[in-house]
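Asker: Okay, so here is model.tsv, and as you'll see once you scroll down, it has TSV, C-alpha atoms.
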chain	number	residue	atom	x	y	z
F	1	GLY	CA	72.68	-101.62	-82.17
F	2	LEU	CA	74.08	-98.55	-83.86
F	3	TYR	CA	72.31	-95.28	-83.27
F	4	TYR	CA	72.54	-92.77	-86.06
F	5	LYS	CA	72.53	-89.17	-84.88
F	6	LYS	CA	69.84	-86.96	-86.39
F	7	ASN	CA	71.14	-84.14	-88.57
F	8	LEU	CA	70.22	-80.63	-87.41
F	9	THR	CA	71.28	-77.34	-89.00
F	10	LEU	CA	71.06	-74.18	-86.91
F	11	THR	CA	71.34	-70.94	-88.90
F	12	ALA	CA	71.71	-67.47	-87.43
F	13	LEU	CA	69.35	-64.84	-88.84
F	14	ASP	CA	70.85	-61.76	-90.48
F	15	LYS	CA	70.62	-58.63	-88.33
F	16	SER	CA	71.18	-54.99	-89.16
F	17	LYS	CA	70.94	-51.53	-87.59
F	18	PHE	CA	72.27	-48.03	-88.02
F	19	TYR	CA	75.50	-47.23	-86.21
F	20	ASP	CA	74.77	-46.16	-82.63
F	21	GLY	CA	78.10	-46.81	-80.91
F	22	THR	CA	76.99	-50.11	-79.38
F	23	ALA	CA	77.67	-53.66	-80.56
F	24	LEU	CA	75.22	-55.56	-82.74
F	25	SER	CA	75.16	-59.26	-81.86
F	26	SER	CA	72.85	-62.27	-81.81
F	27	SER	CA	71.28	-63.64	-78.65
F	28	GLY	CA	68.68	-66.23	-77.84
F	29	LEU	CA	66.45	-68.51	-79.87
F	30	SER	CA	64.69	-65.61	-81.60
F	31	ASP	CA	67.87	-64.85	-83.56
F	32	LEU	CA	67.84	-68.30	-85.20
F	33	ASN	CA	66.08	-69.17	-88.42
F	34	PRO	CA	63.06	-71.16	-87.05
F	35	ALA	CA	63.16	-73.71	-89.91
F	36	TYR	CA	65.26	-76.10	-87.77
F	37	SER	CA	62.24	-77.13	-85.66
F	38	VAL	CA	60.92	-79.56	-88.30
F	39	ASP	CA	64.10	-81.63	-87.87
F	40	LEU	CA	63.69	-82.11	-84.11
F	41	LYS	CA	62.34	-85.45	-82.88
F	42	ALA	CA	58.82	-85.16	-81.45
F	43	GLY	CA	58.99	-83.91	-77.86
F	44	ASP	CA	62.51	-82.47	-78.22
F	45	LYS	CA	63.11	-78.77	-78.19
F	46	LEU	CA	66.03	-76.40	-78.42
F	47	VAL	CA	66.30	-74.62	-75.06
F	48	ALA	CA	69.52	-72.60	-75.35
F	49	ILE	CA	71.90	-71.28	-77.99
F	50	GLY	CA	75.05	-69.15	-77.95
F	51	TYR	CA	76.72	-67.10	-80.69
F	52	ASP	CA	80.16	-65.94	-81.74
F	53	GLY	CA	80.55	-62.53	-83.36
F	54	SER	CA	79.65	-58.87	-82.97
F	55	GLN	CA	79.76	-55.74	-85.09
F	56	THR	CA	80.03	-52.20	-83.68
F	57	ASN	CA	81.42	-50.01	-86.46
F	58	ALA	CA	79.80	-49.58	-89.84
F	59	GLY	CA	80.44	-52.72	-91.86
F	60	SER	CA	79.49	-56.39	-91.65
F	61	SER	CA	80.74	-59.63	-90.16
F	62	ALA	CA	79.56	-63.14	-89.31
F	63	THR	CA	77.44	-64.27	-86.38
F	64	THR	CA	77.72	-68.01	-85.82
F	65	PRO	CA	75.56	-70.11	-83.49
F	66	LYS	CA	77.29	-72.40	-80.96
F	67	LEU	CA	76.65	-74.47	-77.82
F	68	ALA	CA	73.11	-75.60	-78.66
F	69	ASN	CA	71.24	-77.29	-75.84
F	70	ILE	CA	68.32	-79.65	-76.61
F	71	SER	CA	65.99	-81.21	-74.04
F	72	ASN	CA	63.02	-83.54	-74.18
F	73	ALA	CA	59.64	-82.91	-72.55
F	74	LEU	CA	60.93	-84.23	-69.21
F	75	GLY	CA	63.93	-81.90	-69.25
F	76	ALA	CA	66.51	-84.57	-70.01
F	77	ASP	CA	69.47	-83.49	-72.16
F	78	ARG	CA	69.06	-84.74	-75.75
F	79	THR	CA	71.86	-82.72	-77.37
F	80	ASN	CA	74.08	-85.76	-78.03
F	81	PHE	CA	71.37	-87.42	-80.10
F	82	TYR	CA	71.94	-84.80	-82.84
F	83	HIS	CA	74.66	-84.09	-85.33
F	84	ILE	CA	74.53	-80.25	-85.34
F	85	THR	CA	75.78	-78.01	-88.14
F	86	TYR	CA	76.13	-74.33	-87.33
F	87	GLN	CA	75.55	-71.83	-90.16
F	88	ALA	CA	76.61	-68.22	-89.91
F	89	GLY	CA	74.35	-65.23	-90.50
F	90	ASN	CA	75.39	-61.67	-91.27
F	91	LEU	CA	75.61	-58.71	-88.87
F	92	ARG	CA	75.42	-55.41	-90.75
F	93	VAL	CA	75.86	-51.96	-89.23
F	94	ASP	CA	74.88	-49.17	-91.61
F	95	GLN	CA	76.35	-45.68	-91.50
F	96	GLN	CA	74.27	-43.28	-89.41
F	97	PRO	CA	72.90	-40.54	-91.69
F	98	VAL	CA	73.88	-37.00	-90.71
F	99	VAL	CA	73.26	-33.60	-92.28
F	100	VAL	CA	75.77	-30.81	-91.61
F	101	VAL	CA	74.53	-27.32	-92.44
F	102	ILE	CA	77.28	-24.73	-92.93
F	103	ASN	CA	76.16	-21.16	-93.51
F	104	GLY	CA	78.76	-18.58	-94.43
F	105	GLU	CA	78.08	-15.22	-92.85
F	106	LYS	CA	76.96	-12.38	-95.10
F	107	LYS	CA	77.72	-8.83	-94.01
F	108	SER	CA	77.66	-5.50	-95.78
F	109	LYS	CA	78.52	-2.00	-94.66
F	110	ILE	CA	79.81	1.29	-95.96
F	111	TYR	CA	83.56	1.81	-95.64
F	112	ASP	CA	84.27	3.11	-92.14
F	113	GLY	CA	88.00	2.53	-91.72
F	114	ASN	CA	87.49	-0.52	-89.48
F	115	ALA	CA	88.31	-4.09	-90.44
F	116	GLU	CA	85.32	-6.43	-90.65
F	117	ALA	CA	85.28	-10.24	-90.68
F	118	VAL	CA	82.90	-12.98	-91.79
F	119	GLY	CA	83.11	-16.64	-90.80
F	120	TYR	CA	80.55	-19.43	-90.82
F	121	LYS	CA	78.11	-21.18	-88.52
F	122	MET	CA	77.77	-24.97	-88.39
F	123	GLU	CA	74.72	-27.01	-87.39
F	124	ILE	CA	74.81	-30.81	-87.05
F	125	ARG	CA	71.53	-32.67	-87.58
F	126	ASP	CA	72.05	-36.19	-86.22
F	127	THR	CA	69.45	-38.31	-84.44
F	128	SER	CA	72.18	-40.43	-82.81
F	129	ASP	CA	73.81	-37.39	-81.17
F	130	LEU	CA	77.16	-39.11	-81.68
F	131	TYR	CA	78.58	-37.08	-84.55
F	132	LYS	CA	81.07	-34.39	-83.51
F	133	LYS	CA	82.49	-31.28	-85.12
F	134	THR	CA	85.91	-32.90	-84.70
F	135	ASP	CA	84.76	-35.55	-87.22
F	136	ILE	CA	84.79	-32.81	-89.90
F	137	HIS	CA	88.02	-31.85	-91.64
F	138	PHE	CA	88.42	-28.42	-93.24
F	139	ASN	CA	90.44	-28.74	-96.46
F	140	GLY	CA	92.63	-25.68	-96.20
F	141	SER	CA	94.43	-23.43	-93.75
F	142	SER	CA	92.68	-21.91	-90.75
F	143	SER	CA	93.09	-18.48	-92.35
F	144	GLU	CA	90.75	-19.62	-95.16
F	145	GLN	CA	87.90	-20.23	-92.70
F	146	SER	CA	87.19	-16.49	-92.50
F	147	VAL	CA	87.68	-13.29	-94.45
F	148	LYS	CA	88.82	-10.08	-92.78
F	149	LYS	CA	89.11	-6.85	-94.77
F	150	LYS	CA	89.11	-3.09	-94.24
F	151	ASP	CA	89.02	-1.58	-97.73
F	152	ALA	CA	86.00	-1.34	-100.03
F	153	GLY	CA	85.29	-4.37	-102.16
F	154	ILE	CA	83.30	-7.61	-102.39
F	155	TYR	CA	85.10	-10.48	-100.67
F	156	PRO	CA	83.66	-14.02	-100.95
F	157	LEU	CA	84.21	-16.66	-98.26
F	158	LEU	CA	84.33	-19.82	-100.38
F	159	LEU	CA	83.19	-22.82	-98.35
F	160	ASN	CA	81.79	-25.29	-100.88
F	161	ASN	CA	83.83	-28.50	-101.21
F	162	ARG	CA	86.04	-27.42	-98.29
F	163	PHE	CA	84.66	-29.90	-95.72
F	164	THR	CA	85.21	-33.67	-95.47
F	165	ASN	CA	83.73	-36.24	-93.12
F	166	THR	CA	86.48	-38.31	-91.45
F	167	ASN	CA	84.27	-40.73	-89.46
F	168	GLN	CA	83.29	-43.76	-91.52
F	169	ASN	CA	80.46	-44.64	-89.14
F	170	PHE	CA	78.45	-41.75	-90.58
F	171	GLN	CA	77.02	-40.90	-93.99
F	172	VAL	CA	77.26	-37.13	-94.08
F	173	ASP	CA	75.51	-34.73	-96.43
F	174	PHE	CA	76.89	-31.21	-96.34
F	175	LEU	CA	74.53	-28.31	-97.10
F	176	ILE	CA	76.83	-25.34	-97.63
F	177	SER	CA	76.35	-21.70	-98.53
F	178	ASP	CA	79.30	-19.39	-99.13
F	179	GLY	CA	79.80	-16.25	-97.10
F	180	GLU	CA	80.43	-12.73	-98.35
F	181	LEU	CA	81.82	-9.54	-96.93
F	182	ARG	CA	80.78	-6.45	-98.85
F	183	ILE	CA	82.28	-3.06	-98.04
F	184	ASP	CA	80.72	-0.33	-100.13
F	185	ILE	CA	82.52	2.88	-101.02
F	186	ARG	CA	81.73	5.96	-98.97
F	187	GLN	CA	80.03	8.62	-101.10
F	188	LEU	CA	80.86	12.24	-100.35
F	189	THR	CA	80.30	15.59	-102.03
F	190	ILE	CA	83.11	18.15	-101.84
F	191	THR	CA	82.08	21.70	-102.62
F	192	SER	CA	84.32	24.73	-102.82
F	193	ASP	CA	82.97	27.92	-101.27
F	194	SER	CA	81.08	30.50	-103.23
F	195	ALA	CA	81.83	34.18	-102.67
F	196	SER	CA	81.05	37.56	-104.14
F	197	LYS	CA	82.31	41.12	-103.73
F	198	ASP	CA	82.10	44.49	-105.35
F	199	TYR	CA	84.67	45.25	-108.03
F	200	ASP	CA	87.84	46.76	-106.52
F	201	GLY	CA	90.50	45.51	-108.92
F	202	SER	CA	91.84	42.81	-106.58
F	203	GLU	CA	91.41	39.06	-106.97
F	204	LEU	CA	88.48	37.28	-105.26
F	205	ARG	CA	89.51	34.21	-103.25
F	206	ALA	CA	87.52	31.66	-101.26
F	207	ASP	CA	90.01	28.88	-100.48
F	208	ASN	CA	87.82	26.52	-98.49
F	209	ILE	CA	85.94	23.26	-99.13
F	210	THR	CA	82.92	21.72	-97.42
F	211	VAL	CA	82.30	17.98	-97.22
F	212	SER	CA	78.69	16.73	-97.27
F	213	VAL	CA	76.97	13.35	-97.51
F	214	PRO	CA	74.04	12.06	-99.60
F	215	ALA	CA	70.53	12.44	-98.16
F	216	GLY	CA	69.75	9.67	-95.69
F	217	ALA	CA	73.38	8.62	-95.15
F	218	ASP	CA	74.15	7.35	-91.66
F	219	TYR	CA	77.70	8.71	-91.70
F	220	THR	CA	79.29	12.13	-91.82
F	221	GLY	CA	82.27	13.15	-93.92
F	222	PHE	CA	85.55	11.30	-94.19
F	223	VAL	CA	86.54	8.54	-91.77
F	224	ASP	CA	88.40	9.99	-88.78
F	225	GLY	CA	91.96	10.84	-89.72
F	226	GLU	CA	91.30	10.57	-93.47
F	227	GLY	CA	90.59	13.28	-95.99
F	228	VAL	CA	91.86	15.35	-98.90
F	229	ALA	CA	93.95	18.49	-99.12
F	230	PRO	CA	92.69	20.93	-101.80
F	231	THR	CA	94.82	23.06	-104.10
F	232	PHE	CA	92.90	26.06	-105.44
F	233	LEU	CA	93.65	26.93	-109.04
F	234	GLY	CA	94.64	30.34	-110.31
F	235	GLY	CA	92.59	32.51	-112.63
F	236	ARG	CA	90.40	34.04	-109.98
F	237	PRO	CA	88.26	36.95	-111.15
F	238	THR	CA	89.48	40.52	-110.82
F	239	GLU	CA	87.17	41.97	-113.49
F	240	PRO	CA	83.36	42.01	-113.05
F	241	GLY	CA	81.75	38.63	-113.85
F	242	PHE	CA	81.82	35.15	-112.34
F	243	MET	CA	83.69	31.91	-112.69
F	244	PRO	CA	83.83	28.52	-110.94
F	245	ASN	CA	85.99	28.22	-107.81
F	246	ARG	CA	88.12	25.41	-109.21
F	247	PHE	CA	90.40	23.17	-107.16
F	248	THR	CA	92.26	19.89	-107.32
F	249	TYR	CA	92.95	17.65	-104.36
F	250	GLN	CA	95.38	15.06	-103.00
F	251	PRO	CA	94.62	12.36	-100.42
F	252	LYS	CA	96.01	12.95	-96.95
F	253	ASP	CA	98.49	10.37	-95.64
F	254	GLY	CA	96.70	7.11	-94.83
F	255	THR	CA	93.73	7.89	-97.08
F	256	ASN	CA	92.98	5.44	-99.90
F	257	LEU	CA	90.68	7.21	-102.33
F	258	ASP	CA	89.49	3.82	-103.70
F	259	ASN	CA	87.34	3.71	-100.56
F	260	TYR	CA	85.50	6.88	-101.57
F	261	GLU	CA	83.36	8.17	-104.38
F	262	LEU	CA	83.86	11.94	-104.47
F	263	ASP	CA	81.39	14.21	-106.22
F	264	ILE	CA	83.27	17.47	-106.84
F	265	GLN	CA	81.23	20.67	-107.00
F	266	PHE	CA	82.71	24.10	-107.72
F	267	GLY	CA	81.27	27.12	-105.97
F	268	GLN	CA	80.87	30.46	-107.83
F	269	LEU	CA	83.17	33.43	-107.48
F	270	LYS	CA	81.35	36.60	-108.51
F	271	VAL	CA	82.70	40.13	-108.88
F	272	LYS	CA	79.90	42.65	-109.06
F	273	GLU	CA	79.94	45.78	-111.28
Re-express the file's structure as structure tokens.
Answerer:
Amino acid sequence: GLYYKKNLTLTALDKSKFYDGTALSSSGLSDLNPAYSVDLKAGDKLVAIGYDGSQTNAGSSATTPKLANISNALGADRTNFYHITYQAGNLRVDQQPVVVVINGEKKSKIYDGNAEAVGYKMEIRDTSDLYKKTDIHFNGSSSEQSVKKKDAGIYPLLLNNRFTNTNQNFQVDFLISDGELRIDIRQLTITSDSASKDYDGSELRADNITVSVPAGADYTGFVDGEGVAPTFLGGRPTEPGFMPNRFTYQPKDGTNLDNYELDIQFGQLKVKE
């Protein structure tokens, strides 16, 4: 007489993992939903199963069982006694989490005539070891990745919101601190000479300046090749008495006085009785 095939549904289990560069796929009986076993005839068992589908990159796709093989207790093939329906499961690869730490350099110094630069340092924290610096895009020109300056001032290196992850297999958190180059002005004291003489009717002159630095400074005088040229003012004493040794000054060629804070001190010119 007619033999009606027994219905059997084989369903792949869902599988997931974080991206690791290798394919996620189903294999073997353990990747099937075990509920099918109640529909097998006593003594029959599923001995082999195949699958179609794999997922390597972050995302999801189907995994579908195929080529089931059913045997009875004696090892005889019973597959044809079943009408088999194959149901897909889901393969999901999640983005690998990564933290990228970007620390802008911070430097400060007193103006010394030399250009100074700050950039940044990058650290990748990634348990998969697969994320690369080349996966990070800098939004801007290469000249914006550092700051190089000579003159006094405060120069920020703005790094926040300048970096983008370009690899969709990773979920990247950026921890960013801006950099800063600070060049402080060079403080100097310029003092005109003091002098004295006995009254003789002629004018007393002392046309010289001395440059000194604040206590504890680790520099001396102007930067090499820089300086000021003094002009001593008239009105020097001829009569007995004293007056300040006044002068004005001009920067020498190549000297930018914005890089200096000059404390001007006048010496005393004294004509004795």
Asker: Go ahead and fit an axis-aligned box to every listed atom of segment 243-257 of chain F plus 3 Å each side, and pass me the centre and edge lengths in Å, one decimal, as JSON.
Answerer:
{"center_x": 91.1, "center_y": 18.7, "center_z": -103.8, "size_x": 20.8, "size_y": 32.5, "size_z": 23.9}
Asker: Closest to Leu181 of chain F among F:Asn7, F:Thr220, F:Asn114, F:Ser108, using all atoms listed in the file?
Answerer: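 Among F:Asn7, F:Thr220, F:Asn114, F:Ser108, it is F:Ser108 that comes nearest to Leu181 of chain F.
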Asker: Using only C-alpha atoms, which residue out of F:Asp112, F:Lys132, F:Ser142, F:Asn160 lies closest to Glu226 of chain F?
Answerer: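 Of all the options, F:Asp112 lies closest to Glu226 of chain F.
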Asker: Could you pull the residues within 10 Å of Asp44 of chain F, counting all atoms listed in the file, minus those fewer than 2 positions along the same chain, as a PyMOL selection string?
Answerer: chain F and resi 37+39-42+46-47+70-79
Asker: Could you check which of F:Ile183, F:Leu24, F:Leu29, F:Met122 is closest to Ala58 of chain F, using all atoms listed in the file?
Answerer: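 Once distances to Ala58 of chain F are computed over all atoms listed in the file, the minimum belongs to F:Leu24.
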Asker: Show which residues sit within 7 Å of Lys5 of chain F, as a ChimeraX atom specification. Count all atoms listed in the file, and ignore same-chain residues fewer than 6 positions away.
Answerer: /F:81-83
Asker: Residues as selected, C-alpha atoms, written as a tab-separated table (two decimals), in the coordinates of the input, can you do that?
Answerer:
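Just written: again.tsv:
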chain	number	residue	atom	x	y	z
F	81	PHE	CA	71.37	-87.42	-80.10
F	82	TYR	CA	71.94	-84.80	-82.84
F	83	HIS	CA	74.66	-84.09	-85.33
Asker: Need to verify the contact set: Ala88 of chain F, 10 Å, only C-alpha atoms, exclusion of same-chain residues closer than 5 positions in sequence. Can you return it as a PyMOL selection string?
Answerer: chain F and resi 10-14+32+51-53+61-66
Asker: Might you pull out every residue within 9 Å of Thr22 of chain F, with all atoms listed in the file counted and same-chain residues fewer than 3 positions away left off, and present them as a VMD selection string?
Answerer: chain F and resid 19 55 to 57
Asker: Keeping only C-alpha atoms, write the selected residues to a file as a PDB file, in the coordinates of the input.
Answerer:
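The new file out_0.pdb reads:
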ATOM      1  CA  TYR F  19      75.500 -47.230 -86.210  1.00  0.00           C
ATOM      2  CA  GLN F  55      79.760 -55.740 -85.090  1.00  0.00           C
ATOM      3  CA  THR F  56      80.030 -52.200 -83.680  1.00  0.00           C
ATOM      4  CA  ASN F  57      81.420 -50.010 -86.460  1.00  0.00           C
TER       5      ASN F  57
END
Asker: Which polymer residues have any atom within 7 Å of an atom of Lys149 of chain F, counting all atoms listed in the file, with same-chain residues fewer than 3 positions away left out, as a list in words?
Answerer: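 Residues near the query, excluding close chain neighbours: Ala115, Glu116 and Ala117 of chain F.
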Asker: Rounded to one decimal place, report the atom CA of Thr248 of chain F-atom CA of Gly216 of chain F distance in Å.
Answerer: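 Straight-line distance from atom CA of Thr248 of chain F to atom CA of Gly216 of chain F works out to 27.3 Å.
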Asker: Of the residues F:Thr9, F:Ser202, F:Gln168, F:Thr134, which is the one nearest to Asp94 of chain F, using all atoms listed in the file?
Answerer: F:Gln168
Asker: My list of candidates is F:Ser194, F:Gly104, F:Tyr86, F:Lys148. Which is closest to Asn33 of chain F when distances are computed with only C-alpha atoms?
Answerer: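 So, comparing all the options, the nearest one is F:Tyr86.
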Asker: Could you tell me how far atom CA of Gln145 of chain F lies from atom CA of Leu175 of chain F, in Å and to one decimal?
Answerer: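 Going from atom CA of Gln145 of chain F over to atom CA of Leu175 of chain F covers 16.2 Å.
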Asker: For the point (90.6, 37.1, -106.8) in the file's frame, write as a count of residues only all residues with an atom no more than 7 Å away, counting only C-alpha atoms.
Answerer: 7
Asker: Between atom CA of Asp184 of chain F and atom CA of Tyr260 of chain F, what distance in Å does the model show, to one decimal?
Answerer: 8.8 Å
Asker: Would you list the residues near (95.1, 12.2, -105.0), meaning any protein, DNA or RNA residue with an atom at most 12 Å from that point in file coordinates, counting only C-alpha atoms, as a list in words?
Answerer: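 Output: Gly227, Val228, Ala229, Pro230, Thr231, Thr248, Tyr249, Gln250, Pro251, Lys252, Asp253, Gly254, Thr255, Asn256, Leu257, Asp258, Tyr260 and Leu262 of chain F.
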Asker: Dump C-alpha atoms for the selected residues as a JSON list (two decimals), keeping the file's coordinate frame?
Answerer:
[["chain", "number", "residue", "atom", "x", "y", "z"],
["F", 227, "GLY", "CA", 90.59, 13.28, -95.99],
["F", 228, "VAL", "CA", 91.86, 15.35, -98.90],
["F", 229, "ALA", "CA", 93.95, 18.49, -99.12],
["F", 230, "PRO", "CA", 92.69, 20.93, -101.80],
["F", 231, "THR", "CA", 94.82, 23.06, -104.10],
["F", 248, "THR", "CA", 92.26, 19.89, -107.32],
["F", 249, "TYR", "CA", 92.95, 17.65, -104.36],
["F", 250, "GLN", "CA", 95.38, 15.06, -103.00],
["F", 251, "PRO", "CA", 94.62, 12.36, -100.42],
["F", 252, "LYS", "CA", 96.01, 12.95, -96.95],
["F", 253, "ASP", "CA", 98.49, 10.37, -95.64],
["F", 254, "GLY", "CA", 96.70, 7.11, -94.83],
["F", 255, "THR", "CA", 93.73, 7.89, -97.08],
["F", 256, "ASN", "CA", 92.98, 5.44, -99.90],
["F", 257, "LEU", "CA", 90.68, 7.21, -102.33],
["F", 258, "ASP", "CA", 89.49, 3.82, -103.70],
["F", 260, "TYR", "CA", 85.50, 6.88, -101.57],
["F", 262, "LEU", "CA", 83.86, 11.94, -104.47]]
Asker: I need the residue nearest Ile124 of chain F from this list: F:Val172, F:Val93, F:Val213, F:Leu158. Use all atoms listed in the file for the distance.
Answerer: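 Of all the options, F:Val172 lies closest to Ile124 of chain F.
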